[in-house]
file structure_3.cif (mmCIF, C-alpha atoms and all ligand atoms)
data_data
loop_
_atom_site.label_atom_id
_atom_site.label_comp_id
_atom_site.auth_asym_id
_atom_site.auth_seq_id
_atom_site.Cartn_x
_atom_site.Cartn_y
_atom_site.Cartn_z
CA MET A 1 172.52 184.14 103.72
CA THR A 2 170.53 181.32 102.09
CA GLU A 3 173.70 179.27 101.65
CA TYR A 4 174.58 179.86 105.29
CA TYR A 5 171.36 178.29 106.54
CA ALA A 6 171.43 175.57 103.90
CA SER A 7 174.75 174.45 105.32
CA ASP A 8 173.28 174.54 108.84
CA ALA A 9 170.39 172.35 107.74
CA ALA A 10 172.83 169.83 106.28
CA THR A 11 175.05 169.70 109.39
CA ARG A 12 175.03 166.19 110.82
CA GLY A 13 174.97 165.11 114.44
CA ARG A 14 174.11 162.11 116.59
CA ILE A 15 171.08 162.03 118.88
CA PHE A 16 169.35 159.39 120.97
CA ASP A 17 165.92 160.92 121.52
CA ILE A 18 163.59 163.81 120.82
CA GLN A 19 160.97 164.57 123.44
CA ARG A 20 158.07 166.91 122.68
CA TYR A 21 155.82 168.81 125.13
CA SER A 22 158.34 169.07 127.96
CA VAL A 23 157.68 171.66 130.68
CA ASN A 24 160.75 171.04 132.87
CA ASP A 25 163.66 172.01 130.66
CA GLY A 26 163.45 175.78 130.27
CA PRO A 27 160.48 178.15 130.04
CA GLY A 28 157.17 177.20 128.44
CA ILE A 29 156.44 174.11 126.39
CA ARG A 30 159.61 172.79 124.78
CA THR A 31 161.02 170.13 122.50
CA ILE A 32 164.11 168.47 123.94
CA VAL A 33 166.72 167.04 121.61
CA PHE A 34 169.10 164.63 123.35
CA LEU A 35 172.61 164.61 121.85
CA LYS A 36 174.90 161.61 122.21
CA GLY A 37 178.12 161.68 124.17
CA CYS A 38 179.15 162.89 127.62
CA MET A 39 182.51 163.20 129.33
CA PHE A 40 180.99 162.51 132.75
CA ARG A 41 179.66 159.29 134.26
CA CYS A 42 177.33 160.48 137.03
CA ARG A 43 176.31 157.49 139.13
CA TRP A 44 172.67 158.57 139.06
CA CYS A 45 172.52 159.49 135.34
CA SER A 46 168.98 158.93 134.05
CA ASN A 47 170.17 158.83 130.43
CA PRO A 48 173.02 156.29 130.49
CA GLU A 49 172.31 155.41 126.86
CA GLY A 50 173.46 158.93 126.01
CA GLN A 51 176.89 158.75 127.64
CA LEU A 52 178.84 157.04 124.86
CA PHE A 53 179.02 158.73 121.47
CA GLU A 54 178.82 155.30 119.82
CA PRO A 55 175.32 153.85 119.41
CA VAL A 56 174.37 151.36 122.16
CA THR A 57 171.67 148.69 122.34
CA LEU A 58 169.05 148.69 125.07
CA LYS A 59 167.91 145.08 125.39
CA ALA A 60 164.19 144.37 125.20
CA MET A 61 162.17 145.48 128.24
CA HIS A 62 158.49 145.44 129.08
CA GLY A 63 157.64 143.26 126.08
CA LYS A 64 159.19 145.70 123.61
CA GLY A 65 162.00 144.89 121.17
CA ASP A 66 165.66 145.93 121.43
CA LYS A 67 166.26 149.62 120.91
CA ILE A 68 169.34 151.26 119.42
CA ALA A 69 170.22 154.56 121.10
CA GLY A 70 172.18 156.67 118.63
CA THR A 71 170.98 157.92 115.26
CA ASP A 72 172.79 160.17 112.82
CA VAL A 73 170.58 162.98 111.57
CA THR A 74 170.86 166.39 109.97
CA ALA A 75 169.93 169.57 111.80
CA GLY A 76 167.30 170.15 109.12
CA GLU A 77 165.65 166.80 109.89
CA VAL A 78 165.58 167.59 113.60
CA MET A 79 164.07 171.01 112.93
CA GLU A 80 161.21 169.43 110.98
CA THR A 81 160.14 167.78 114.24
CA VAL A 82 160.88 170.84 116.37
CA LEU A 83 158.83 173.18 114.19
CA ARG A 84 155.71 171.01 114.44
CA ASP A 85 155.05 172.61 117.82
CA SER A 86 155.75 176.25 116.93
CA VAL A 87 152.24 177.25 117.92
CA TYR A 88 152.81 175.94 121.47
CA TYR A 89 156.14 177.73 121.75
CA ALA A 90 154.53 181.00 120.69
CA ARG A 91 151.72 180.66 123.23
CA SER A 92 153.84 179.47 126.16
CA GLY A 93 157.21 181.17 125.62
CA GLY A 94 158.70 177.74 124.96
CA GLY A 95 161.13 176.56 122.31
CA LEU A 96 164.01 174.19 121.63
CA THR A 97 166.23 172.73 124.38
CA LEU A 98 169.40 170.75 123.68
CA SER A 99 170.18 168.15 126.30
CA GLY A 100 172.07 164.88 126.41
CA GLY A 101 174.59 163.64 127.03
CA GLU A 102 176.48 166.90 126.73
CA ALA A 103 175.41 168.94 123.72
CA LEU A 104 178.62 171.02 123.82
CA LEU A 105 180.53 167.94 122.62
CA GLN A 106 178.88 168.34 119.20
CA PRO A 107 179.37 172.09 118.78
CA ASP A 108 178.85 172.32 115.00
CA PHE A 109 175.57 170.43 115.20
CA ALA A 110 174.39 172.38 118.27
CA LEU A 111 175.24 175.68 116.59
CA ALA A 112 173.34 174.69 113.45
CA LEU A 113 170.26 173.76 115.49
CA PHE A 114 170.35 177.00 117.49
CA ARG A 115 170.75 179.16 114.37
CA LEU A 116 167.94 177.36 112.56
CA ALA A 117 165.68 177.73 115.61
CA HIS A 118 166.31 181.47 115.74
CA LEU A 119 165.77 181.76 112.01
CA HIS A 120 162.27 180.40 112.63
CA GLY A 121 161.62 182.59 115.68
CA VAL A 122 162.01 179.72 118.16
CA ASN A 123 163.89 180.45 121.38
CA THR A 124 166.77 178.22 122.45
CA ALA A 125 168.01 176.62 125.66
CA ILE A 126 170.72 174.19 126.69
CA GLU A 127 171.05 171.83 129.63
CA THR A 128 174.78 171.58 130.11
CA THR A 129 177.66 170.76 132.42
CA GLY A 130 179.55 173.74 130.98
CA TYR A 131 182.47 171.43 130.23
CA ALA A 132 183.89 172.86 127.00
CA SER A 133 186.67 174.99 125.59
CA ARG A 134 186.31 178.78 125.60
CA GLU A 135 186.31 178.65 121.81
CA VAL A 136 183.22 176.42 121.83
CA LEU A 137 181.52 178.60 124.44
CA ASP A 138 182.26 181.77 122.45
CA ARG A 139 180.76 180.25 119.31
CA LEU A 140 177.60 178.97 120.96
CA LEU A 141 176.63 181.36 123.76
CA PRO A 142 175.40 184.19 121.50
CA HIS A 143 172.84 181.76 120.06
CA ILE A 144 171.46 180.40 123.36
CA ASP A 145 168.64 182.23 125.13
CA TYR A 146 168.61 180.16 128.33
CA VAL A 147 171.57 178.33 129.83
CA LEU A 148 170.65 175.77 132.49
CA MET A 149 173.98 174.68 133.92
CA ASP A 150 174.58 171.92 136.43
CA ILE A 151 176.88 172.62 139.34
CA LYS A 152 176.89 169.36 141.21
CA HIS A 153 179.53 169.76 143.91
CA MET A 154 182.22 172.21 145.05
CA ASP A 155 184.63 169.50 146.24
CA PRO A 156 186.80 168.17 143.38
CA LYS A 157 187.47 164.84 145.10
CA LYS A 158 183.82 164.07 145.75
CA HIS A 159 182.95 165.25 142.24
CA GLU A 160 185.48 162.82 140.81
CA ALA A 161 184.34 159.94 143.01
CA PHE A 162 180.69 160.17 141.91
CA ILE A 163 181.08 161.61 138.41
CA GLY A 164 184.39 160.31 137.12
CA LYS A 165 186.07 163.70 136.66
CA THR A 166 186.96 166.59 138.94
CA ASN A 167 185.01 169.85 138.78
CA GLU A 168 187.84 172.28 137.96
CA ARG A 169 186.79 172.98 134.40
CA VAL A 170 183.14 173.37 135.38
CA LEU A 171 183.99 175.86 138.12
CA GLU A 172 186.40 177.74 135.84
CA ASN A 173 183.85 178.04 133.06
CA ALA A 174 180.82 178.81 135.21
CA PRO A 175 181.55 182.52 135.87
CA TYR A 176 182.43 183.04 132.20
CA ILE A 177 179.19 181.42 131.07
CA ALA A 178 177.14 183.30 133.69
CA GLN A 179 178.65 186.57 132.50
CA HIS A 180 178.14 185.95 128.78
CA ALA A 181 174.85 184.02 128.74
CA HIS A 182 171.62 185.88 127.98
CA HIS A 183 169.97 184.09 130.91
CA TYR A 184 171.86 181.81 133.29
CA THR A 185 170.39 179.39 135.85
CA VAL A 186 172.34 177.05 138.11
CA ARG A 187 170.82 173.61 138.48
CA VAL A 188 171.77 171.23 141.27
CA PRO A 189 170.73 167.60 141.07
CA VAL A 190 170.35 166.84 144.78
CA ILE A 191 171.73 163.35 145.25
CA PRO A 192 171.64 161.38 148.51
CA THR A 193 175.10 160.53 149.92
CA PHE A 194 176.66 162.93 147.37
CA ASN A 195 175.54 166.52 147.95
CA ASP A 196 172.42 166.49 150.13
CA THR A 197 173.79 168.12 153.29
CA ASP A 198 173.05 171.73 154.25
CA ALA A 199 176.76 172.56 154.00
CA GLU A 200 177.11 171.14 150.49
CA ILE A 201 174.04 172.94 149.14
CA ALA A 202 175.08 176.17 150.89
CA ALA A 203 178.53 176.01 149.27
CA ILE A 204 177.05 175.63 145.78
CA ALA A 205 174.51 178.40 146.46
CA ARG A 206 177.21 180.81 147.64
CA PHE A 207 179.26 180.06 144.53
CA ALA A 208 176.21 180.62 142.31
CA ALA A 209 175.55 183.96 143.99
CA SER A 210 179.18 185.02 143.55
CA MET A 211 178.81 184.93 139.75
CA PRO A 212 177.35 188.11 138.26
CA GLY A 213 174.64 187.06 135.82
CA THR A 214 173.20 184.13 137.78
CA LYS A 215 169.44 184.55 137.79
CA ALA A 216 168.24 181.54 139.78
CA ILE A 217 169.04 178.20 141.40
CA HIS A 218 166.96 175.10 140.73
CA LEU A 219 167.28 172.13 143.07
CA LEU A 220 166.39 168.92 141.23
CA PRO A 221 165.48 166.07 143.60
CA TYR A 222 167.11 162.69 142.97
CA HIS A 223 164.90 160.19 141.15
CA ARG A 224 165.38 156.69 139.80
CA LEU A 225 163.60 157.08 136.46
CA GLY A 226 166.58 155.82 134.47
CA MET A 227 167.19 152.72 136.57
CA ASP A 228 165.63 150.21 134.16
CA LYS A 229 167.90 151.44 131.38
CA TYR A 230 170.97 150.15 133.22
CA THR A 231 169.53 146.64 133.20
CA ALA A 232 168.74 147.03 129.50
CA LEU A 233 172.35 148.11 128.88
CA GLY A 234 173.76 145.24 130.99
CA ARG A 235 175.22 147.71 133.49
CA ASP A 236 174.93 148.14 137.26
CA TYR A 237 173.02 151.14 138.55
CA GLY A 238 175.56 153.33 140.36
CA MET A 239 173.35 154.52 143.21
CA GLY A 240 172.33 151.08 144.46
CA THR A 241 169.27 151.31 146.68
CA VAL A 242 169.81 154.67 148.33
CA PRO A 243 166.40 156.12 149.25
CA LEU A 244 164.83 159.19 147.65
CA ILE A 245 165.11 162.50 149.48
CA PRO A 246 161.99 163.24 151.57
CA ASP A 247 159.99 166.35 150.56
CA GLU A 248 160.56 167.89 153.96
CA LYS A 249 164.33 167.68 153.53
CA MET A 250 164.12 169.18 150.03
CA ARG A 251 162.15 172.11 151.47
CA ARG A 252 164.87 172.65 154.08
CA LEU A 253 167.60 172.54 151.42
CA LEU A 254 165.60 175.08 149.44
CA LEU A 255 165.67 177.45 152.40
CA VAL A 256 169.42 176.83 152.78
CA ALA A 257 169.95 177.70 149.10
CA GLN A 258 167.82 180.85 149.40
CA GLU A 259 169.52 182.08 152.56
CA SER A 260 173.02 181.31 151.25
CA SER A 261 172.54 182.92 147.85
CA GLY A 262 169.81 185.57 148.09
CA LEU A 263 168.76 184.38 144.62
CA ALA A 264 165.41 183.09 143.39
CA CYS A 265 165.46 179.38 144.23
CA GLN A 266 163.00 176.62 143.48
CA ILE A 267 162.61 172.86 143.64
CA GLY A 268 162.44 171.37 140.15
CA GLY A 269 162.49 173.32 136.92
S1 LIG B 301 176.44 164.98 132.97
FE1 LIG B 301 174.30 164.42 132.58
S2 LIG B 301 174.37 163.08 130.78
FE2 LIG B 301 176.47 163.21 131.56
S3 LIG B 301 176.66 161.44 132.90
FE3 LIG B 301 176.03 163.17 134.18
S4 LIG B 301 173.79 163.07 134.28
FE4 LIG B 301 174.47 161.76 132.56
#
call {"tool": "encode", "arguments": {"input": "structure_3.cif", "output": "structure tokens"}}
result
Amino acid sequence: MTEYYASDAATRGRIFDIQRYSVNDGPGIRTIVFLKGCMFRCRWCSNPEGQLFEPVTLKAMHGKGDKIAGTDVTAGEVMETVLRDSVYYARSGGGLTLSGGEALLQPDFALALFRLAHLHGVNTAIETTGYASREVLDRLLPHIDYVLMDIKHMDPKKHEAFIGKTNERVLENAPYIAQHAHHYTVRVPVIPTFNDTDAEIAAIARFAASMPGTKAIHLLPYHRLGMDKYTALGRDYGMGTVPLIPDEKMRRLLLVAQESSGLACQIGG
């Protein structure tokens, strides 16, 4: 058993950030570890520095120096940071969340982090697109307490136009993940001009409700928090100047999601 966890602690992976004291990425107070690499290219992505597995340079902004996004670390090193906040996790029901990028693209590293967290009594969550092989899902799901899975659109063509890939694999995997996850929540980033009509939200909500195991739907309003990073990366921001979604419209879409699914629905989360 000791050897087993020693090998987990030595497992290497590539991350681009660790964020402590988060309250929006699973229950309670959480530490978010952002893993490098994603197969999607969402136009609105707020972590564009996480998309490529290779390290990238964010050019100096706001008087600060250049920053390299992409560091190779061991799971043991990451856990040293995660465990600093154990007292907050215990009080709040929080824990460790893997985000990205897409954490499922580094399955050995993700598995090592989840097993080490559980060894120390820390609960685990993942923010994921669900885009992975069944083999990867079967290895990881038993070690994840909360799955927060994005379902961004039901139309494969629109999915491809805004994200760079169609949604077939996501929609194929979603029922499997919902069935096998300990706790499964559907998250919908609500993006103007992409999926912010009543019909589009209703279609996602009906699909979510059709999957046994889905506990809730979270609607995440579009924001532009990652916009500066595109300039720092020398890239164009994919959403241009489309306006944010007014609160009143978000409240209406919430009602649409509730009525279409019958599930617990909320804005944010
Ligand atoms: S799936 Fe997430 S990390 Fe990947 S491009 Fe889309 S928003 Fe960015």
call {"tool": "closest_residue", "arguments": {"input": "structure_3.cif", "among": "A:Gly226, A:Pro175, A:Gly13, A:Pro55", "to": "ligand LIG 301 (chain B)", "atoms": "only C-alpha atoms and all ligand atoms"}}
result
A:Gly226
call {"tool": "atom_distance", "arguments": {"input": "structure_3.cif", "atom1": "CA of Ala110 in chain A", "atom2": "CA of His218 in chain A"}}
result
23.8 Å
call {"tool": "residues_near_ligand", "arguments": {"input": "structure_3.cif", "ligand": "ligand LIG 301 (chain B)", "cutoff": "10 Å", "atoms": "only C-alpha atoms and all ligand atoms", "output": "MDAnalysis selection string"}}
result
chainID A and resid 34:52 99:103 127:131 150:152 162:164 189
call {"tool": "closest_residue", "arguments": {"input": "structure_3.cif", "among": "A:Arg251, A:Lys157, A:Lys229, A:Arg14", "to": "Lys59 in chain A", "atoms": "all atoms listed in the file"}}
result
A:Lys229
call {"tool": "closest_residue", "arguments": {"input": "structure_3.cif", "among": "A:His183, A:Lys215, A:Lys158, A:His223", "to": "Gln266 in chain A", "atoms": "all atoms listed in the file"}}
result
A:Lys215
call {"tool": "residues_around", "arguments": {"input": "structure_3.cif", "residues": "Arg187 in chain A", "least_positions_apart": "6", "cutoff": "12 Å", "atoms": "only C-alpha atoms", "output": "tab-separated table (two decimals) with C-alpha atoms, keeping the file's coordinate frame"}}
result
chain	number	residue	atom	x	y	z
A	24	ASN	CA	160.75	171.04	132.87
A	25	ASP	CA	163.66	172.01	130.66
A	26	GLY	CA	163.45	175.78	130.27
A	126	ILE	CA	170.72	174.19	126.69
A	127	GLU	CA	171.05	171.83	129.63
A	128	THR	CA	174.78	171.58	130.11
A	129	THR	CA	177.66	170.76	132.42
A	130	GLY	CA	179.55	173.74	130.98
A	147	VAL	CA	171.57	178.33	129.83
A	148	LEU	CA	170.65	175.77	132.49
A	149	MET	CA	173.98	174.68	133.92
A	150	ASP	CA	174.58	171.92	136.43
A	151	ILE	CA	176.88	172.62	139.34
A	152	LYS	CA	176.89	169.36	141.21
A	153	HIS	CA	179.53	169.76	143.91
A	174	ALA	CA	180.82	178.81	135.21
A	201	ILE	CA	174.04	172.94	149.14
A	204	ILE	CA	177.05	175.63	145.78
A	205	ALA	CA	174.51	178.40	146.46
A	208	ALA	CA	176.21	180.62	142.31
A	214	THR	CA	173.20	184.13	137.78
A	215	LYS	CA	169.44	184.55	137.79
A	216	ALA	CA	168.24	181.54	139.78
A	217	ILE	CA	169.04	178.20	141.40
A	218	HIS	CA	166.96	175.10	140.73
A	219	LEU	CA	167.28	172.13	143.07
A	220	LEU	CA	166.39	168.92	141.23
A	221	PRO	CA	165.48	166.07	143.60
A	257	ALA	CA	169.95	177.70	149.10
A	264	ALA	CA	165.41	183.09	143.39
A	265	CYS	CA	165.46	179.38	144.23
A	266	GLN	CA	163.00	176.62	143.48
A	267	ILE	CA	162.61	172.86	143.64
A	268	GLY	CA	162.44	171.37	140.15
A	269	GLY	CA	162.49	173.32	136.92
call {"tool": "atom_distance", "arguments": {"input": "structure_3.cif", "atom1": "CA of Val56 in chain A", "atom2": "CA of Thr71 in chain A"}}
result
10.1 Å
call {"tool": "closest_residue", "arguments": {"input": "structure_3.cif", "among": "A:Gln179, A:Thr193, A:Thr166, A:Ser260", "to": "Ala209 in chain A", "atoms": "only C-alpha atoms"}}
result
A:Ser260
call {"tool": "closest_residue", "arguments": {"input": "structure_3.cif", "among": "A:Ile29, A:Leu254, A:Ala10, A:Ala60", "to": "Ala232 in chain A", "atoms": "all atoms listed in the file"}}
result
A:Ala60
call {"tool": "atom_distance", "arguments": {"input": "structure_3.cif", "atom1": "CA of Ala202 in chain A", "atom2": "CA of Tyr146 in chain A"}}
result
23.8 Å
call {"tool": "closest_residue", "arguments": {"input": "structure_3.cif", "among": "A:Arg169, A:His182, A:Lys249, A:Arg12", "to": "Leu140 in chain A", "atoms": "all atoms listed in the file"}}
result
A:His182
call {"tool": "build_atoms", "arguments": {"input": "structure_3.cif", "residues": "range 234-260 of chain A", "atoms": "N, CA and C atoms", "output": "PDB file, in the coordinates of the input"}}
result
ATOM      1  N   GLY A 234     172.861 146.235 130.375  1.00  0.00           N
ATOM      2  CA  GLY A 234     173.760 145.240 130.990  1.00  0.00           C
ATOM      3  C   GLY A 234     174.734 145.884 131.951  1.00  0.00           C
ATOM      4  N   ARG A 235     174.329 147.010 132.569  1.00  0.00           N
ATOM      5  CA  ARG A 235     175.220 147.710 133.490  1.00  0.00           C
ATOM      6  C   ARG A 235     174.600 147.746 134.891  1.00  0.00           C
ATOM      7  N   ASP A 236     175.442 147.963 135.898  1.00  0.00           N
ATOM      8  CA  ASP A 236     174.930 148.140 137.260  1.00  0.00           C
ATOM      9  C   ASP A 236     174.536 149.591 137.465  1.00  0.00           C
ATOM     10  N   TYR A 237     173.466 149.791 138.224  1.00  0.00           N
ATOM     11  CA  TYR A 237     173.020 151.140 138.550  1.00  0.00           C
ATOM     12  C   TYR A 237     173.901 151.680 139.674  1.00  0.00           C
ATOM     13  N   GLY A 238     174.519 152.833 139.457  1.00  0.00           N
ATOM     14  CA  GLY A 238     175.560 153.330 140.360  1.00  0.00           C
ATOM     15  C   GLY A 238     175.099 153.765 141.730  1.00  0.00           C
ATOM     16  N   MET A 239     173.802 154.021 141.915  1.00  0.00           N
ATOM     17  CA  MET A 239     173.350 154.520 143.210  1.00  0.00           C
ATOM     18  C   MET A 239     172.798 153.416 144.101  1.00  0.00           C
ATOM     19  N   GLY A 240     172.830 152.171 143.626  1.00  0.00           N
ATOM     20  CA  GLY A 240     172.330 151.080 144.460  1.00  0.00           C
ATOM     21  C   GLY A 240     170.903 151.323 144.891  1.00  0.00           C
ATOM     22  N   THR A 241     170.646 151.163 146.190  1.00  0.00           N
ATOM     23  CA  THR A 241     169.270 151.310 146.680  1.00  0.00           C
ATOM     24  C   THR A 241     169.106 152.515 147.593  1.00  0.00           C
ATOM     25  N   VAL A 242     169.954 153.513 147.435  1.00  0.00           N
ATOM     26  CA  VAL A 242     169.810 154.670 148.330  1.00  0.00           C
ATOM     27  C   VAL A 242     168.407 155.249 148.185  1.00  0.00           C
ATOM     28  N   PRO A 243     167.784 155.636 149.315  1.00  0.00           N
ATOM     29  CA  PRO A 243     166.400 156.120 149.250  1.00  0.00           C
ATOM     30  C   PRO A 243     166.298 157.509 148.624  1.00  0.00           C
ATOM     31  N   LEU A 244     165.096 157.837 148.161  1.00  0.00           N
ATOM     32  CA  LEU A 244     164.830 159.190 147.650  1.00  0.00           C
ATOM     33  C   LEU A 244     164.926 160.193 148.797  1.00  0.00           C
ATOM     34  N   ILE A 245     165.020 161.470 148.450  1.00  0.00           N
ATOM     35  CA  ILE A 245     165.110 162.500 149.480  1.00  0.00           C
ATOM     36  C   ILE A 245     163.691 162.923 149.865  1.00  0.00           C
ATOM     37  N   PRO A 246     163.351 162.851 151.154  1.00  0.00           N
ATOM     38  CA  PRO A 246     161.990 163.240 151.570  1.00  0.00           C
ATOM     39  C   PRO A 246     161.693 164.695 151.208  1.00  0.00           C
ATOM     40  N   ASP A 247     160.411 164.987 150.930  1.00  0.00           N
ATOM     41  CA  ASP A 247     159.990 166.350 150.560  1.00  0.00           C
ATOM     42  C   ASP A 247     160.403 167.373 151.615  1.00  0.00           C
ATOM     43  N   GLU A 248     160.250 166.957 152.874  1.00  0.00           N
ATOM     44  CA  GLU A 248     160.560 167.890 153.960  1.00  0.00           C
ATOM     45  C   GLU A 248     162.031 168.321 153.915  1.00  0.00           C
ATOM     46  N   LYS A 249     162.907 167.355 153.618  1.00  0.00           N
ATOM     47  CA  LYS A 249     164.330 167.680 153.530  1.00  0.00           C
ATOM     48  C   LYS A 249     164.603 168.589 152.326  1.00  0.00           C
ATOM     49  N   MET A 250     163.931 168.313 151.216  1.00  0.00           N
ATOM     50  CA  MET A 250     164.120 169.180 150.030  1.00  0.00           C
ATOM     51  C   MET A 250     163.691 170.603 150.356  1.00  0.00           C
ATOM     52  N   ARG A 251     162.603 170.752 151.118  1.00  0.00           N
ATOM     53  CA  ARG A 251     162.150 172.110 151.470  1.00  0.00           C
ATOM     54  C   ARG A 251     163.196 172.806 152.355  1.00  0.00           C
ATOM     55  N   ARG A 252     163.832 172.036 153.240  1.00  0.00           N
ATOM     56  CA  ARG A 252     164.870 172.650 154.080  1.00  0.00           C
ATOM     57  C   ARG A 252     166.068 173.070 153.216  1.00  0.00           C
ATOM     58  N   LEU A 253     166.453 172.199 152.285  1.00  0.00           N
ATOM     59  CA  LEU A 253     167.600 172.540 151.420  1.00  0.00           C
ATOM     60  C   LEU A 253     167.279 173.757 150.550  1.00  0.00           C
ATOM     61  N   LEU A 254     166.010 173.899 150.200  1.00  0.00           N
ATOM     62  CA  LEU A 254     165.600 175.080 149.440  1.00  0.00           C
ATOM     63  C   LEU A 254     165.837 176.346 150.265  1.00  0.00           C
ATOM     64  N   LEU A 255     165.446 176.294 151.517  1.00  0.00           N
ATOM     65  CA  LEU A 255     165.670 177.450 152.400  1.00  0.00           C
ATOM     66  C   LEU A 255     167.164 177.740 152.542  1.00  0.00           C
ATOM     67  N   VAL A 256     167.961 176.672 152.672  1.00  0.00           N
ATOM     68  CA  VAL A 256     169.420 176.830 152.780  1.00  0.00           C
ATOM     69  C   VAL A 256     169.951 177.541 151.532  1.00  0.00           C
ATOM     70  N   ALA A 257     169.492 177.092 150.365  1.00  0.00           N
ATOM     71  CA  ALA A 257     169.950 177.700 149.100  1.00  0.00           C
ATOM     72  C   ALA A 257     169.542 179.166 149.035  1.00  0.00           C
ATOM     73  N   GLN A 258     168.307 179.453 149.445  1.00  0.00           N
ATOM     74  CA  GLN A 258     167.820 180.850 149.400  1.00  0.00           C
ATOM     75  C   GLN A 258     168.635 181.731 150.340  1.00  0.00           C
ATOM     76  N   GLU A 259     168.820 181.254 151.566  1.00  0.00           N
ATOM     77  CA  GLU A 259     169.520 182.080 152.560  1.00  0.00           C
ATOM     78  C   GLU A 259     171.003 182.245 152.201  1.00  0.00           C
ATOM     79  N   SER A 260     171.586 181.246 151.584  1.00  0.00           N
ATOM     80  CA  SER A 260     173.020 181.310 151.250  1.00  0.00           C
ATOM     81  C   SER A 260     173.298 182.134 150.007  1.00  0.00           C
TER      82      SER A 260
END
